[in-house]
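Q: This one is start.txt, compact mmCIF, C-alpha atoms.
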# COMPACT_ATOMS: atom_id res chain seq x y z
CA MET F 1309 11.05 0.48 -19.60
CA LEU F 1310 7.41 0.96 -18.61
CA PHE F 1311 5.66 4.21 -19.47
CA ALA F 1312 3.40 5.77 -16.83
CA SER F 1313 0.37 6.43 -19.02
CA ILE F 1314 -2.81 7.70 -17.39
CA GLU F 1315 -4.44 4.35 -18.17
CA ARG F 1316 -1.66 2.37 -16.49
CA VAL F 1317 -1.58 4.62 -13.44
CA ALA F 1318 -5.38 4.47 -13.15
CA ARG F 1319 -5.13 0.68 -13.17
CA ILE F 1320 -2.54 0.71 -10.39
CA GLU F 1321 -4.56 3.19 -8.33
CA ALA F 1322 -7.66 1.03 -8.79
CA ALA F 1323 -5.76 -1.98 -7.45
CA GLU F 1324 -4.64 0.11 -4.47
CA CYS F 1325 -8.25 1.06 -3.77
CA ARG F 1326 -9.36 -2.57 -3.88
CA LEU F 1327 -6.52 -3.48 -1.53
CA LEU F 1328 -7.52 -0.83 1.00
CA ALA F 1329 -11.18 -1.85 0.83
CA ASP F 1330 -10.39 -5.54 1.33
CA CYS F 1331 -7.93 -4.90 4.17
CA THR F 1332 -10.47 -2.70 5.94
CA ALA F 1333 -13.11 -5.40 5.47
CA SER F 1334 -10.69 -7.89 7.03
CA THR F 1335 -10.27 -5.56 10.02
CA ALA F 1336 -14.05 -5.38 10.38
CA ARG F 1337 -14.33 -9.19 10.32
CA ARG F 1338 -11.52 -9.76 12.81
CA HIS F 1339 -12.50 -6.90 15.12
CA PRO F 1340 -16.29 -6.47 14.94
CA GLU F 1341 -16.18 -4.04 17.85
CA GLN F 1342 -14.04 -1.65 15.80
CA VAL F 1343 -15.74 1.18 13.90
CA THR F 1344 -14.69 0.96 10.25
CA PHE F 1345 -15.51 3.09 7.24
CA VAL F 1346 -15.28 2.48 3.48
CA ARG F 1347 -16.57 5.04 0.98
CA PRO F 1348 -15.99 5.48 -2.77
CA ILE F 1349 -15.12 9.12 -3.46
CA ALA F 1350 -14.30 10.96 -6.70
CA GLY F 1351 -12.82 7.96 -8.47
CA GLY F 1352 -11.03 6.67 -5.38
CA ILE F 1353 -11.81 5.41 -1.91
CA ALA F 1354 -11.67 6.46 1.74
CA THR F 1355 -11.00 3.86 4.43
CA LEU F 1356 -10.99 4.06 8.21
CA ALA F 1357 -9.90 1.10 10.35
CA GLY F 1358 -9.50 2.55 13.83
CA GLU F 1359 -7.27 5.01 15.62
CA GLY F 1360 -3.60 4.61 14.74
CA SER F 1361 -4.18 2.34 11.73
CA PRO F 1362 -2.07 2.82 8.56
CA LEU F 1363 -5.28 2.02 6.64
CA ASN F 1364 -6.78 5.39 7.59
CA LYS F 1365 -6.48 7.24 4.30
CA VAL F 1366 -8.01 8.45 1.04
CA ALA F 1367 -6.53 7.06 -2.18
CA GLY F 1368 -7.13 7.04 -5.92
CA LEU F 1369 -8.73 10.48 -6.19
CA GLY F 1370 -9.15 12.05 -9.61
CA MET F 1371 -8.31 9.01 -11.74
CA THR F 1372 -10.60 8.01 -14.59
CA GLY F 1373 -12.19 4.61 -14.90
CA PRO F 1374 -13.69 2.23 -12.32
CA THR F 1375 -11.99 1.86 -8.96
CA VAL F 1376 -13.90 -0.51 -6.73
CA GLU F 1377 -16.95 -2.61 -7.43
CA GLY F 1378 -20.02 -0.49 -6.95
CA GLY F 1379 -17.98 2.73 -7.23
CA LEU F 1380 -19.76 6.06 -7.59
CA GLU F 1381 -18.84 6.88 -11.20
CA GLY F 1382 -21.68 9.41 -11.26
CA GLU F 1383 -19.62 11.71 -9.07
CA LEU F 1384 -17.20 12.28 -11.90
CA GLU F 1385 -19.98 12.76 -14.44
CA ALA F 1386 -21.64 15.38 -12.23
CA GLY F 1387 -18.39 17.29 -11.87
CA LEU F 1388 -15.26 16.21 -10.06
CA GLU F 1389 -14.97 19.20 -7.77
CA ALA F 1390 -18.59 19.14 -6.56
CA GLY F 1391 -18.47 15.41 -5.94
CA LEU F 1392 -15.12 15.68 -4.20
CA GLU F 1393 -16.24 18.52 -1.93
CA ALA F 1394 -19.31 16.58 -0.82
CA GLY F 1395 -17.38 13.36 -0.41
CA LEU F 1396 -14.61 14.98 1.60
CA GLU F 1397 -17.14 16.58 3.91
CA GLU F 1398 -18.56 13.16 4.77
CA VAL F 1399 -15.11 11.58 5.10
CA GLU F 1400 -13.78 14.38 7.28
CA GLN F 1401 -16.74 14.10 9.64
CA ALA F 1402 -16.31 10.32 9.92
CA PHE F 1403 -12.61 10.69 10.66
CA ALA F 1404 -13.35 13.47 13.16
CA ARG F 1405 -15.70 11.18 15.06
CA ALA F 1406 -12.84 8.69 15.28
CA GLY F 1407 -10.40 11.41 16.34
CA VAL F 1408 -7.93 10.82 13.50
CA PRO F 1409 -6.56 13.12 10.77
CA VAL F 1410 -7.51 12.66 7.13
CA GLN F 1411 -4.58 11.59 4.95
CA VAL F 1412 -4.85 11.78 1.17
CA GLU F 1413 -2.39 9.97 -1.11
CA LEU F 1414 -2.66 11.75 -4.46
CA SER F 1415 -1.13 10.52 -7.71
CA THR F 1416 0.85 12.99 -9.79
CA LEU F 1417 -1.39 11.98 -12.70
CA ALA F 1418 -4.64 12.82 -10.88
CA ASP F 1419 -6.93 15.56 -12.19
CA PRO F 1420 -5.29 18.88 -11.17
CA SER F 1421 -8.58 20.20 -9.77
CA VAL F 1422 -8.28 17.70 -6.90
CA LEU F 1423 -5.27 19.51 -5.48
CA ALA F 1424 -7.10 22.84 -5.65
CA VAL F 1425 -9.97 21.41 -3.61
CA LEU F 1426 -7.61 19.93 -1.03
CA HIS F 1427 -5.76 23.23 -0.72
CA ARG F 1428 -9.00 25.11 -0.10
CA ARG F 1429 -9.96 22.63 2.60
CA GLY F 1430 -6.72 23.07 4.51
CA TYR F 1431 -4.72 19.97 3.56
CA ALA F 1432 -0.95 20.30 3.99
CA LEU F 1433 1.77 18.44 2.10
CA VAL F 1434 3.75 16.21 4.47
CA GLY F 1435 5.64 13.87 2.15
CA PHE F 1436 5.80 11.70 -0.94
CA GLU F 1437 5.92 8.03 -1.86
CA ASN F 1438 7.09 6.44 -5.09
CA VAL F 1439 5.33 3.78 -7.16
CA LEU F 1440 7.54 1.52 -9.27
CA GLY F 1441 6.53 -1.11 -11.80
CA LEU F 1442 7.87 -4.08 -13.76
CA ALA F 1443 6.33 -5.81 -16.77
CA LEU F 1444 5.72 -9.54 -16.25
CA PRO F 1445 7.00 -12.04 -16.98
CA SER F 1446 10.39 -10.51 -16.29
CA THR F 1447 13.40 -11.75 -18.23
CA ALA F 1448 15.94 -10.29 -15.79
CA PRO F 1449 17.44 -13.02 -13.58
CA LEU F 1450 17.51 -12.35 -9.85
CA PRO F 1451 20.59 -13.77 -8.10
CA VAL F 1452 19.52 -15.38 -4.84
CA ALA F 1453 21.89 -15.97 -1.92
CA GLY F 1454 22.41 -19.66 -1.25
CA ASP F 1455 21.89 -19.31 2.49
CA VAL F 1456 18.43 -17.69 2.15
CA GLU F 1457 15.39 -19.94 1.88
CA ILE F 1458 11.91 -18.66 0.95
CA SER F 1459 8.75 -20.59 1.75
CA PRO F 1460 5.02 -19.86 1.83
CA SER F 1461 3.79 -18.92 5.29
CA ASP F 1462 0.71 -20.95 6.15
CA GLU F 1463 -1.55 -20.38 9.14
CA GLY F 1464 0.69 -22.53 11.31
CA ALA F 1465 3.62 -20.20 10.71
CA LEU F 1466 1.63 -16.96 10.90
CA ASN F 1467 3.09 -15.84 14.22
CA VAL F 1468 6.68 -16.46 13.07
CA TRP F 1469 6.03 -14.53 9.85
CA LEU F 1470 4.27 -11.73 11.70
CA ASP F 1471 7.09 -11.32 14.21
CA ALA F 1472 9.72 -11.13 11.45
CA VAL F 1473 7.78 -8.57 9.41
CA VAL F 1474 6.80 -6.39 12.36
CA THR F 1475 10.35 -6.45 13.74
CA GLY F 1476 11.66 -5.28 10.38
CA PHE F 1477 9.13 -2.46 10.11
CA ALA F 1478 9.67 -1.41 13.73
CA HIS F 1479 13.36 -0.81 12.93
CA PRO F 1480 13.30 0.99 9.56
CA ASP F 1481 16.37 1.29 7.37
CA GLU F 1482 17.78 4.81 7.64
CA GLN F 1483 18.53 5.26 3.93
CA GLY F 1484 16.48 7.84 2.03
CA VAL F 1485 13.72 10.21 3.11
CA PRO F 1486 12.22 9.25 6.49
CA SER F 1487 8.50 8.54 6.73
CA HIS F 1488 6.29 11.34 8.01
CA GLU F 1489 4.51 8.87 10.30
CA GLN F 1490 5.51 6.26 12.85
CA PHE F 1491 3.34 3.49 14.28
CA PRO F 1492 3.72 1.60 17.57
CA ARG F 1493 4.49 -2.11 17.33
CA GLU F 1494 1.00 -3.04 18.53
CA ALA F 1495 -0.62 -1.07 15.70
CA LEU F 1496 1.73 -2.64 13.15
CA GLU F 1497 0.99 -6.14 14.42
CA ARG F 1498 -2.72 -5.58 14.12
CA VAL F 1499 -2.84 -4.03 10.66
CA ILE F 1500 -0.32 -6.48 9.19
CA ALA F 1501 -2.21 -9.47 10.60
CA ASP F 1502 -5.52 -8.06 9.37
CA SER F 1503 -4.15 -7.30 5.91
CA ALA F 1504 -2.52 -10.72 5.60
CA SER F 1505 -5.94 -12.26 6.21
CA ALA F 1506 -7.60 -10.25 3.42
CA SER F 1507 -8.58 -11.90 0.16
CA GLY F 1508 -5.90 -12.36 -2.48
CA PHE F 1509 -2.89 -12.17 -0.15
CA ARG F 1510 -0.01 -14.65 -0.09
CA ARG F 1511 2.61 -14.61 2.67
CA TYR F 1512 6.31 -15.46 2.29
CA LEU F 1513 8.79 -16.20 5.06
CA ALA F 1514 12.55 -15.87 4.57
CA ARG F 1515 14.98 -17.92 6.63
CA ARG F 1516 18.74 -17.44 6.72
CA HIS F 1517 20.86 -20.14 8.30
CA GLY F 1518 17.55 -21.58 9.48
CA GLU F 1519 16.50 -18.46 11.40
CA PRO F 1520 13.52 -16.24 10.49
CA ALA F 1521 15.12 -13.36 8.59
CA GLY F 1522 12.22 -11.49 7.02
CA GLY F 1523 8.87 -11.71 5.35
CA ALA F 1524 6.71 -10.23 2.64
CA SER F 1525 3.29 -10.39 1.03
CA LEU F 1526 1.93 -10.61 -2.49
CA ARG F 1527 -1.56 -9.61 -3.57
CA LEU F 1528 -2.93 -10.53 -6.99
CA SER F 1529 -5.66 -8.23 -8.30
CA GLN F 1530 -6.93 -8.31 -11.89
CA GLY F 1531 -3.52 -8.94 -13.40
CA VAL F 1532 -1.67 -6.57 -11.07
CA ALA F 1533 0.79 -8.09 -8.60
CA GLN F 1534 1.14 -5.83 -5.59
CA LEU F 1535 4.35 -6.46 -3.65
CA CYS F 1536 3.44 -5.57 -0.08
CA GLY F 1537 4.91 -5.53 3.38
CA ALA F 1538 8.49 -6.65 2.73
CA ALA F 1539 10.72 -6.32 5.78
CA THR F 1540 14.00 -7.79 6.98
CA VAL F 1541 15.03 -8.48 10.56
CA PRO F 1542 17.87 -5.98 11.25
CA ALA F 1543 20.46 -8.68 12.02
CA HIS F 1544 19.96 -10.19 8.55
CA ARG F 1545 20.06 -7.04 6.42
CA ARG F 1546 22.46 -6.72 3.47
CA HIS F 1547 22.52 -10.50 2.97
CA GLY F 1548 20.13 -10.89 0.03
CA VAL F 1549 16.91 -11.48 1.96
CA GLN F 1550 14.92 -8.83 0.08
CA THR F 1551 16.18 -10.05 -3.29
CA ALA F 1552 15.12 -13.60 -2.47
CA LEU F 1553 11.66 -12.47 -1.35
CA LEU F 1554 11.31 -10.39 -4.50
CA ALA F 1555 12.33 -13.25 -6.79
CA ALA F 1556 9.85 -15.68 -5.21
CA ARG F 1557 6.95 -13.26 -5.50
CA LEU F 1558 7.70 -12.24 -9.08
CA GLU F 1559 7.90 -15.87 -10.11
CA ASP F 1560 4.55 -16.67 -8.50
CA ALA F 1561 2.91 -13.56 -9.94
CA ALA F 1562 4.04 -14.40 -13.47
CA ARG F 1563 2.88 -17.99 -13.03
CA ALA F 1564 -0.53 -16.68 -11.96
CA GLY F 1565 -0.84 -14.69 -15.19
CA CYS F 1566 -0.13 -11.17 -13.91
CA ASP F 1567 1.33 -8.78 -16.47
CA LEU F 1568 2.37 -6.00 -14.08
CA ALA F 1569 4.15 -5.96 -10.71
CA VAL F 1570 4.09 -2.82 -8.57
CA VAL F 1571 5.71 -1.73 -5.33
CA THR F 1572 5.41 1.45 -3.25
CA THR F 1573 8.49 2.84 -1.50
CA LEU F 1574 9.72 5.92 0.30
CA PRO F 1575 11.81 8.18 -1.96
CA GLY F 1576 15.49 7.25 -2.01
CA SER F 1577 14.96 4.30 0.31
CA ARG F 1578 16.86 1.04 0.35
CA SER F 1579 13.69 -0.66 -0.88
CA GLN F 1580 13.55 1.62 -3.92
CA HIS F 1581 17.24 1.01 -4.59
CA ASN F 1582 16.75 -2.76 -4.40
CA VAL F 1583 13.82 -2.98 -6.82
CA GLN F 1584 15.33 -0.55 -9.32
CA ARG F 1585 18.47 -2.67 -9.40
CA ARG F 1586 16.19 -5.59 -10.29
CA GLY F 1587 14.55 -3.90 -13.27
CA PHE F 1588 11.69 -1.87 -11.80
CA SER F 1589 11.00 1.57 -13.28
CA LEU F 1590 9.88 4.61 -11.31
CA LEU F 1591 6.40 5.24 -12.72
CA TYR F 1592 4.99 8.07 -10.62
CA SER F 1593 4.80 9.52 -7.14
CA ARG F 1594 1.98 10.15 -4.70
CA ALA F 1595 1.82 13.37 -2.73
CA ILE F 1596 0.77 12.78 0.88
CA LEU F 1597 -1.48 15.52 2.20
CA VAL F 1598 -2.97 15.66 5.69
CA ARG F 1599 -5.76 17.61 7.32
CA GLU F 1600 -5.63 17.37 11.08
CA SER F 1601 -8.65 15.99 12.90
CA LEU F 1602 -11.52 18.38 13.39
CA THR F 1603 -13.17 18.78 16.77
CA HIS F 1604 -16.39 16.85 16.42
CA ALA F 1605 -19.34 18.21 18.31
Show how you would write the structure in this file as structure tokens.

A:
Amino acid sequence: MLFASIERVARIEAAECRLLADCTASTARRHPEQVTFVRPIAGGIATLAGEGSPLNKVAGLGMTGPTVEGGLEGELEAGLEAGLEAGLEEVEQAFARAGVPVQVELSTLADPSVLAVLHRRGYALVGFENVLGLALPSTAPLPVAGDVEISPSDEGALNVWLDAVVTGFAHPDEQGVPSHEQFPREALERVIADSASASGFRRYLARRHGEPAGGASLRLSQGVAQLCGAATVPAHRRHGVQTALLAARLEDAARAGCDLAVVTTLPGSRSQHNVQRRGFSLLYSRAILVRESLTHA
């Protein structure tokens, strides 16, 4: 079983920061008219990718070590709280100009002073998410249903993959704690397409009895395999689609030399149940705190 040391969690949070930065950069490339924002802050990163985007958030705060290339390590050296206060002021103003709330996803292993700063600035707790991990290569076999076929999704199959993934996300499984946020299908289509075009992503399409049944992504980042965006079309749920997608991605990640696979889930969700059955350990949680958009003069 993996142990959630500060060093391991900092590594995972750093990978999450790189993912957010690259996905936001992909949004900027694909939609040059869209105002985007990327800023290193107190060991983490803030990203803004337009109104209604799931990429609008602050992540990785209060973790030691480098986060993104060119990160502002001096903020930590000068004092975490002072750097965080100044950084949040800039981030909050940028988000206010876009008319969106600031959402912070804070690891339970982050420096405790971060939470004190957020409390003073009026952030409210709205939920949690869990981060689970698995050491690679995994020795646990994953039984795959014979009627489920997994294949890479190239550019020619992008629309089929996108429709399957968005349809799955648009009809979430009811098990576990519900998400504090909901996104319209159009917003999901945009952010998933943008993210899938970011560097380091691989797409996987699941077919069952020849029909598109689900899809998922894999991102490889400095030895960390991030299992992203897995969704099953409602009509094909409970037939082994998620297990097949998981097995294909873990195999590819191990082949690529990754030593750690991670996945983020809602607490008590079907997704968490599935990956824990397949050997993943619950490493830590992230508290989700939100400050509503300020009126920008």

Q: Find the spatial neighbours of F:Gly1476, counting all atoms listed in the file, within a cut-off of 6 Å - ignore same-chain residues fewer than 3 positions away - and output them as JSON, numbers by chain.

A: {"F": [1473, 1479, 1539, 1540, 1541]}

Q: Is it possible to get the residues within 12 Å of (3.8, -19.4, 8.4) (coordinates as in the file, counting all atoms listed in the file) written as a list in words?

A: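 Residues lying no farther than 12 Å from the given point: Ile1458, Ser1459, Pro1460, Ser1461, Asp1462, Glu1463, Gly1464, Ala1465, Leu1466, Asn1467, Val1468, Trp1469, Leu1470, Asp1471, Ala1472, Val1473, Ala1501, Ala1504, Arg1510, Arg1511, Tyr1512, Leu1513, Ala1514, Arg1515, Pro1520, Gly1522, Gly1523, Ala1524 and Ser1525 of chain F.
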
Q: So that I can check the surroundings of stretch 1397-1411 of chain F, please list as JSON, numbers by chain every protein, DNA and RNA residue that reaches within 12 Å of it, counting only C-alpha atoms and ignoring chain neighbours fewer than 2 positions away.

A: {"F": [1342, 1343, 1344, 1345, 1346, 1347, 1348, 1349, 1350, 1353, 1354, 1355, 1356, 1357, 1358, 1359, 1360, 1361, 1362, 1363, 1364, 1365, 1366, 1367, 1369, 1390, 1391, 1392, 1393, 1394, 1395, 1413, 1414, 1425, 1426, 1429, 1430, 1431, 1432, 1433, 1434, 1435, 1436, 1488, 1489, 1594, 1595, 1596, 1597, 1598, 1599, 1600, 1601, 1602, 1603, 1604, 1605]}

Q: Include C-alpha atoms and write out the residues we just selected as a JSON list (two decimals), in the frame of the given file.

A:
[["chain", "number", "residue", "atom", "x", "y", "z"],
["F", 1342, "GLN", "CA", -14.04, -1.65, 15.80],
["F", 1343, "VAL", "CA", -15.74, 1.18, 13.90],
["F", 1344, "THR", "CA", -14.69, 0.96, 10.25],
["F", 1345, "PHE", "CA", -15.51, 3.09, 7.24],
["F", 1346, "VAL", "CA", -15.28, 2.48, 3.48],
["F", 1347, "ARG", "CA", -16.57, 5.04, 0.98],
["F", 1348, "PRO", "CA", -15.99, 5.48, -2.77],
["F", 1349, "ILE", "CA", -15.12, 9.12, -3.46],
["F", 1350, "ALA", "CA", -14.30, 10.96, -6.70],
["F", 1353, "ILE", "CA", -11.81, 5.41, -1.91],
["F", 1354, "ALA", "CA", -11.67, 6.46, 1.74],
["F", 1355, "THR", "CA", -11.00, 3.86, 4.43],
["F", 1356, "LEU", "CA", -10.99, 4.06, 8.21],
["F", 1357, "ALA", "CA", -9.90, 1.10, 10.35],
["F", 1358, "GLY", "CA", -9.50, 2.55, 13.83],
["F", 1359, "GLU", "CA", -7.27, 5.01, 15.62],
["F", 1360, "GLY", "CA", -3.60, 4.61, 14.74],
["F", 1361, "SER", "CA", -4.18, 2.34, 11.73],
["F", 1362, "PRO", "CA", -2.07, 2.82, 8.56],
["F", 1363, "LEU", "CA", -5.28, 2.02, 6.64],
["F", 1364, "ASN", "CA", -6.78, 5.39, 7.59],
["F", 1365, "LYS", "CA", -6.48, 7.24, 4.30],
["F", 1366, "VAL", "CA", -8.01, 8.45, 1.04],
["F", 1367, "ALA", "CA", -6.53, 7.06, -2.18],
["F", 1369, "LEU", "CA", -8.73, 10.48, -6.19],
["F", 1390, "ALA", "CA", -18.59, 19.14, -6.56],
["F", 1391, "GLY", "CA", -18.47, 15.41, -5.94],
["F", 1392, "LEU", "CA", -15.12, 15.68, -4.20],
["F", 1393, "GLU", "CA", -16.24, 18.52, -1.93],
["F", 1394, "ALA", "CA", -19.31, 16.58, -0.82],
["F", 1395, "GLY", "CA", -17.38, 13.36, -0.41],
["F", 1413, "GLU", "CA", -2.39, 9.97, -1.11],
["F", 1414, "LEU", "CA", -2.66, 11.75, -4.46],
["F", 1425, "VAL", "CA", -9.97, 21.41, -3.61],
["F", 1426, "LEU", "CA", -7.61, 19.93, -1.03],
["F", 1429, "ARG", "CA", -9.96, 22.63, 2.60],
["F", 1430, "GLY", "CA", -6.72, 23.07, 4.51],
["F", 1431, "TYR", "CA", -4.72, 19.97, 3.56],
["F", 1432, "ALA", "CA", -0.95, 20.30, 3.99],
["F", 1433, "LEU", "CA", 1.77, 18.44, 2.10],
["F", 1434, "VAL", "CA", 3.75, 16.21, 4.47],
["F", 1435, "GLY", "CA", 5.64, 13.87, 2.15],
["F", 1436, "PHE", "CA", 5.80, 11.70, -0.94],
["F", 1488, "HIS", "CA", 6.29, 11.34, 8.01],
["F", 1489, "GLU", "CA", 4.51, 8.87, 10.30],
["F", 1594, "ARG", "CA", 1.98, 10.15, -4.70],
["F", 1595, "ALA", "CA", 1.82, 13.37, -2.73],
["F", 1596, "ILE", "CA", 0.77, 12.78, 0.88],
["F", 1597, "LEU", "CA", -1.48, 15.52, 2.20],
["F", 1598, "VAL", "CA", -2.97, 15.66, 5.69],
["F", 1599, "ARG", "CA", -5.76, 17.61, 7.32],
["F", 1600, "GLU", "CA", -5.63, 17.37, 11.08],
["F", 1601, "SER", "CA", -8.65, 15.99, 12.90],
["F", 1602, "LEU", "CA", -11.52, 18.38, 13.39],
["F", 1603, "THR", "CA", -13.17, 18.78, 16.77],
["F", 1604, "HIS", "CA", -16.39, 16.85, 16.42],
["F", 1605, "ALA", "CA", -19.34, 18.21, 18.31]]

Q: Please check which residues have atoms at most 10 Å from (-3.1, 0.6, -7.1) in the file's coordinates, counting all atoms listed in the file, and write them as a list in words.

A: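 Checked against the point, the hits come out as Arg1316, Val1317, Ala1318, Arg1319, Ile1320, Glu1321, Ala1322, Ala1323, Glu1324, Cys1325, Arg1326, Leu1327, Leu1328, Ala1367, Gly1368, Thr1375, Val1439, Ser1529, Val1532, Ala1533, Gln1534, Val1570, Val1571 and Thr1572 of chain F.
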
Q: Need the shell around F:Ala1552: protein/DNA/RNA residues with any atom at most 9 Å away, counting all atoms listed in the file. Skip same-chain ones fewer than 6 positions apart. Format as a list in words?

A: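 Once the nearby chain positions are removed, what remains is Leu1450, Pro1451, Val1452, Ala1453, Val1456, Glu1457, Ile1458 and Ala1514 of chain F.
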
Q: Could you tell me how far atom CA of F:Gly1565 sits from atom CA of F:Gly1370, in Å to one decimal place?

A: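 One can read the atom CA of F:Gly1370 to atom CA of F:Gly1565 distance as 28.6 Å.
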
Q: Can you work out the spacing between atom CA of F:Leu1574 and atom CA of F:Phe1509 in Å, to one decimal?

A: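 Taking atom CA of F:Leu1574 as the start and atom CA of F:Phe1509 as the end point, the length is 22.1 Å.
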
Q: Could you jot down the atom CA of F:Gly1441 to atom CA of F:Thr1335 separation for me, Å, one decimal place?

A: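 Computing the Euclidean distance for atom CA of F:Gly1441 and atom CA of F:Thr1335 yields 27.9 Å.
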
Q: Have a look at F:Arg1585, F:Val1474, F:Ala1543, F:Ser1507 and name the one nearest to F:Ala1495; count all atoms listed in the file.

A: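 For F:Ala1495, the nearest of the given residues is F:Val1474.
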
Q: Measuring between all atoms listed in the file, which one of F:Glu1437, F:Glu1315, F:Glu1519, F:Asp1330 shows the shortest distance to F:Ser1503?

A: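 Using all atoms listed in the file, F:Ser1503 sits closest to F:Asp1330.
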
Q: Env of F:Ala1312: 9 Å cut, atoms = all atoms listed in the file, seq-sep filter 5 positions within chain, self excluded. Answer as a list of chain:residue names.

A: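 Counting all atoms listed in the file, the residues come to F:Val1317, F:Leu1417, F:Leu1590, F:Leu1591, F:Tyr1592.
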
Q: Under the rule that all atoms listed in the file are counted, which of F:Ala1564, F:His1427, F:Ser1589, F:Leu1310 is the nearest residue to F:Leu1526?

A: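 Once distances to F:Leu1526 are computed over all atoms listed in the file, the minimum belongs to F:Ala1564.
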
Q: Could you model N, CA and C atoms for stretch 1400-1418 of chain F and present them as a PDB file, in the frame of the given file?

A:
ATOM      1  N   GLU F1400     -14.382  13.607   6.198  1.00  0.00           N
ATOM      2  CA  GLU F1400     -13.780  14.380   7.280  1.00  0.00           C
ATOM      3  C   GLU F1400     -14.587  14.269   8.569  1.00  0.00           C
ATOM      4  N   GLN F1401     -15.906  14.251   8.445  1.00  0.00           N
ATOM      5  CA  GLN F1401     -16.740  14.100   9.640  1.00  0.00           C
ATOM      6  C   GLN F1401     -16.578  12.714  10.248  1.00  0.00           C
ATOM      7  N   ALA F1402     -16.498  11.685   9.406  1.00  0.00           N
ATOM      8  CA  ALA F1402     -16.310  10.320   9.920  1.00  0.00           C
ATOM      9  C   ALA F1402     -14.964  10.189  10.623  1.00  0.00           C
ATOM     10  N   PHE F1403     -13.928  10.750  10.031  1.00  0.00           N
ATOM     11  CA  PHE F1403     -12.610  10.690  10.660  1.00  0.00           C
ATOM     12  C   PHE F1403     -12.581  11.517  11.942  1.00  0.00           C
ATOM     13  N   ALA F1404     -13.301  12.646  11.954  1.00  0.00           N
ATOM     14  CA  ALA F1404     -13.350  13.470  13.160  1.00  0.00           C
ATOM     15  C   ALA F1404     -13.998  12.720  14.307  1.00  0.00           C
ATOM     16  N   ARG F1405     -15.044  11.965  14.000  1.00  0.00           N
ATOM     17  CA  ARG F1405     -15.700  11.180  15.060  1.00  0.00           C
ATOM     18  C   ARG F1405     -14.745  10.148  15.638  1.00  0.00           C
ATOM     19  N   ALA F1406     -13.827   9.663  14.804  1.00  0.00           N
ATOM     20  CA  ALA F1406     -12.840   8.690  15.280  1.00  0.00           C
ATOM     21  C   ALA F1406     -11.615   9.362  15.892  1.00  0.00           C
ATOM     22  N   GLY F1407     -11.527  10.680  15.761  1.00  0.00           N
ATOM     23  CA  GLY F1407     -10.400  11.410  16.340  1.00  0.00           C
ATOM     24  C   GLY F1407      -9.097  11.235  15.603  1.00  0.00           C
ATOM     25  N   VAL F1408      -9.153  11.022  14.285  1.00  0.00           N
ATOM     26  CA  VAL F1408      -7.930  10.820  13.500  1.00  0.00           C
ATOM     27  C   VAL F1408      -7.880  11.820  12.353  1.00  0.00           C
ATOM     28  N   PRO F1409      -6.683  12.215  11.915  1.00  0.00           N
ATOM     29  CA  PRO F1409      -6.560  13.120  10.770  1.00  0.00           C
ATOM     30  C   PRO F1409      -6.891  12.415   9.471  1.00  0.00           C
ATOM     31  N   VAL F1410      -7.241  13.201   8.462  1.00  0.00           N
ATOM     32  CA  VAL F1410      -7.510  12.660   7.130  1.00  0.00           C
ATOM     33  C   VAL F1410      -6.228  12.752   6.314  1.00  0.00           C
ATOM     34  N   GLN F1411      -5.781  11.620   5.786  1.00  0.00           N
ATOM     35  CA  GLN F1411      -4.580  11.590   4.950  1.00  0.00           C
ATOM     36  C   GLN F1411      -4.973  11.215   3.533  1.00  0.00           C
ATOM     37  N   VAL F1412      -4.575  12.028   2.580  1.00  0.00           N
ATOM     38  CA  VAL F1412      -4.850  11.780   1.170  1.00  0.00           C
ATOM     39  C   VAL F1412      -3.540  11.441   0.469  1.00  0.00           C
ATOM     40  N   GLU F1413      -3.546  10.355  -0.303  1.00  0.00           N
ATOM     41  CA  GLU F1413      -2.390   9.970  -1.110  1.00  0.00           C
ATOM     42  C   GLU F1413      -2.771  10.206  -2.569  1.00  0.00           C
ATOM     43  N   LEU F1414      -2.212  11.247  -3.168  1.00  0.00           N
ATOM     44  CA  LEU F1414      -2.660  11.750  -4.460  1.00  0.00           C
ATOM     45  C   LEU F1414      -1.618  11.517  -5.547  1.00  0.00           C
ATOM     46  N   SER F1415      -2.019  10.790  -6.586  1.00  0.00           N
ATOM     47  CA  SER F1415      -1.130  10.520  -7.710  1.00  0.00           C
ATOM     48  C   SER F1415      -0.777  11.792  -8.454  1.00  0.00           C
ATOM     49  N   THR F1416       0.443  11.845  -8.979  1.00  0.00           N
ATOM     50  CA  THR F1416       0.850  12.990  -9.790  1.00  0.00           C
ATOM     51  C   THR F1416       0.118  13.040 -11.120  1.00  0.00           C
ATOM     52  N   LEU F1417      -0.611  11.984 -11.475  1.00  0.00           N
ATOM     53  CA  LEU F1417      -1.390  11.980 -12.700  1.00  0.00           C
ATOM     54  C   LEU F1417      -2.881  12.207 -12.434  1.00  0.00           C
ATOM     55  N   ALA F1418      -3.241  12.540 -11.209  1.00  0.00           N
ATOM     56  CA  ALA F1418      -4.640  12.820 -10.880  1.00  0.00           C
ATOM     57  C   ALA F1418      -5.073  14.139 -11.514  1.00  0.00           C
TER      58      ALA F1418
END
